[in-house]
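Q: One structure follows; several queries about it will come next.
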Amino acid sequence: MIEATSCGGVVIFRGKILVLYKNYKNKYEGWVLPKGTVEAGEDYKETALREVREESGASASIIKYIGKSQYSFNTPQDMVEKDVHWYLMMADSYYSKPQREEFFLDSGYYKYHEAYHLLKFANEKQILEKAYNEYLELKKNNLWGSRKYF
């Protein structure tokens, strides 16, 4: 068994959530949140910010740690147990440009209920729900977008 660690972000701008559409060799892969593998010498926050920028082109700031999701999948060689650490992030704008090299064909910001229904994986839906509730709480308390939160 192989253990792997990734980090990603629930990126929000003006109440809308960034999601990416992945299509590998014309095979539907689905809508996902941006995430990727931790590189040597990186901490989790650095990985999350880098992956969001690489996969979506979005420039974002970390607001807070949301939690961890876990899943496993099989490769021809072995089974992979993956931990993904998620952060709530605030984007600077609606700009996004999907990373073609990673087979992302589309990206965009969607209302919560749209993003929730677009997402393919149940664990990402759970993280989105948790992150969005945090966002609503911060917004209610006038802390969203205020620099005092960073």
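Numbering starts fresh at 1 for the residues of each chain in the structure tokens, the chains themselves are lettered A, B, ... in the order given, and ligands are numbered from 1 as they appear.
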Give me the residues within 8 Å of stretch 53-65 of chain A as number ranges by chain, counting only C-alpha atoms and dropping any in the same chain fewer than 2 places off.
A: A: 11, 20, 34-35, 45, 49-51, 67, 85-99, 102, 104, 107, 149-150
Q: Looking at only C-alpha atoms, which of A:Pro76, A:Ile12, A:Lys25, A:Thr5 is the one that sits closest to A:Ala40?
A: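 Closest to A:Ala40 of all the choices is A:Thr5.
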Q: For each of A:Thr37, A:Arg14, A:Ile66, A:Gly8, take the minimum atom-to-atom distance to A:Lys111, counting only C-alpha atoms, then give the residue where this is smallest.
A: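 Once distances to A:Lys111 are computed over only C-alpha atoms, the minimum belongs to A:Arg14.
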Q: Calculate how many Å separate atom CA of A:Asn23 from atom CA of A:Leu119, rounding to one decimal.
A: 13.5 Å
Q: Write out as a count of residues only the residues lying within 12 Å of A:His113, counting only C-alpha atoms and excluding same-chain residues fewer than 3 positions away.
A: 13
Q: Taking 3 positions as the minimum chain separation for residues in the same chain, which residues sit within 8 Å of A:Ile2 when counting only C-alpha atoms? Answer as a PyMOL selection string.
A: chain A and resi 78-81
Q: Could you turn the residues from that selection into a file that holds C-alpha atoms, as a compact mmCIF listing (two decimals), in the first residue's frame?
A:
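Done, and the output landed in selection-v6.txt:
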```
# COMPACT_ATOMS: atom_id res chain seq x y z
CA ASP A 78 -0.73 -1.03 -5.72
CA MET A 79 -3.49 0.45 -3.62
CA VAL A 80 -3.12 4.15 -2.74
CA GLU A 81 -4.40 5.60 0.55
```
Q: Separation of atom CA of A:Gly30 and atom CA of A:Thr75, in Å?
A: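 If I compute the distance from atom CA of A:Gly30 to atom CA of A:Thr75, I get 19.0 Å.
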Q: Just give me the gap between atom CA of A:Leu33 and atom CA of A:Val84 in Å, one decimal is fine.
A: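 The value is 11.2 Å.
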Q: Write down as a PyMOL selection string the residues of chain A whose backbone DSSP state falls under strand (DSSP E or B).
A: chain A and resi 2-13+16-24+27-32+35-37+60-74+79-91+104-110+119
Q: Taking only C-alpha atoms into account, which of A:Glu3, A:Glu134, A:Glu39, A:Glu46 comes nearest A:Asn74?
A: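 With only C-alpha atoms as the atom set, the closest residue is A:Glu3.
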Q: Determine the nearest neighbour of A:Asn26 from the options A:Ala48, A:Leu105, A:Ala4, A:Lys82, counting only C-alpha atoms.
A: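 Closest to A:Asn26, using only C-alpha atoms: A:Leu105.
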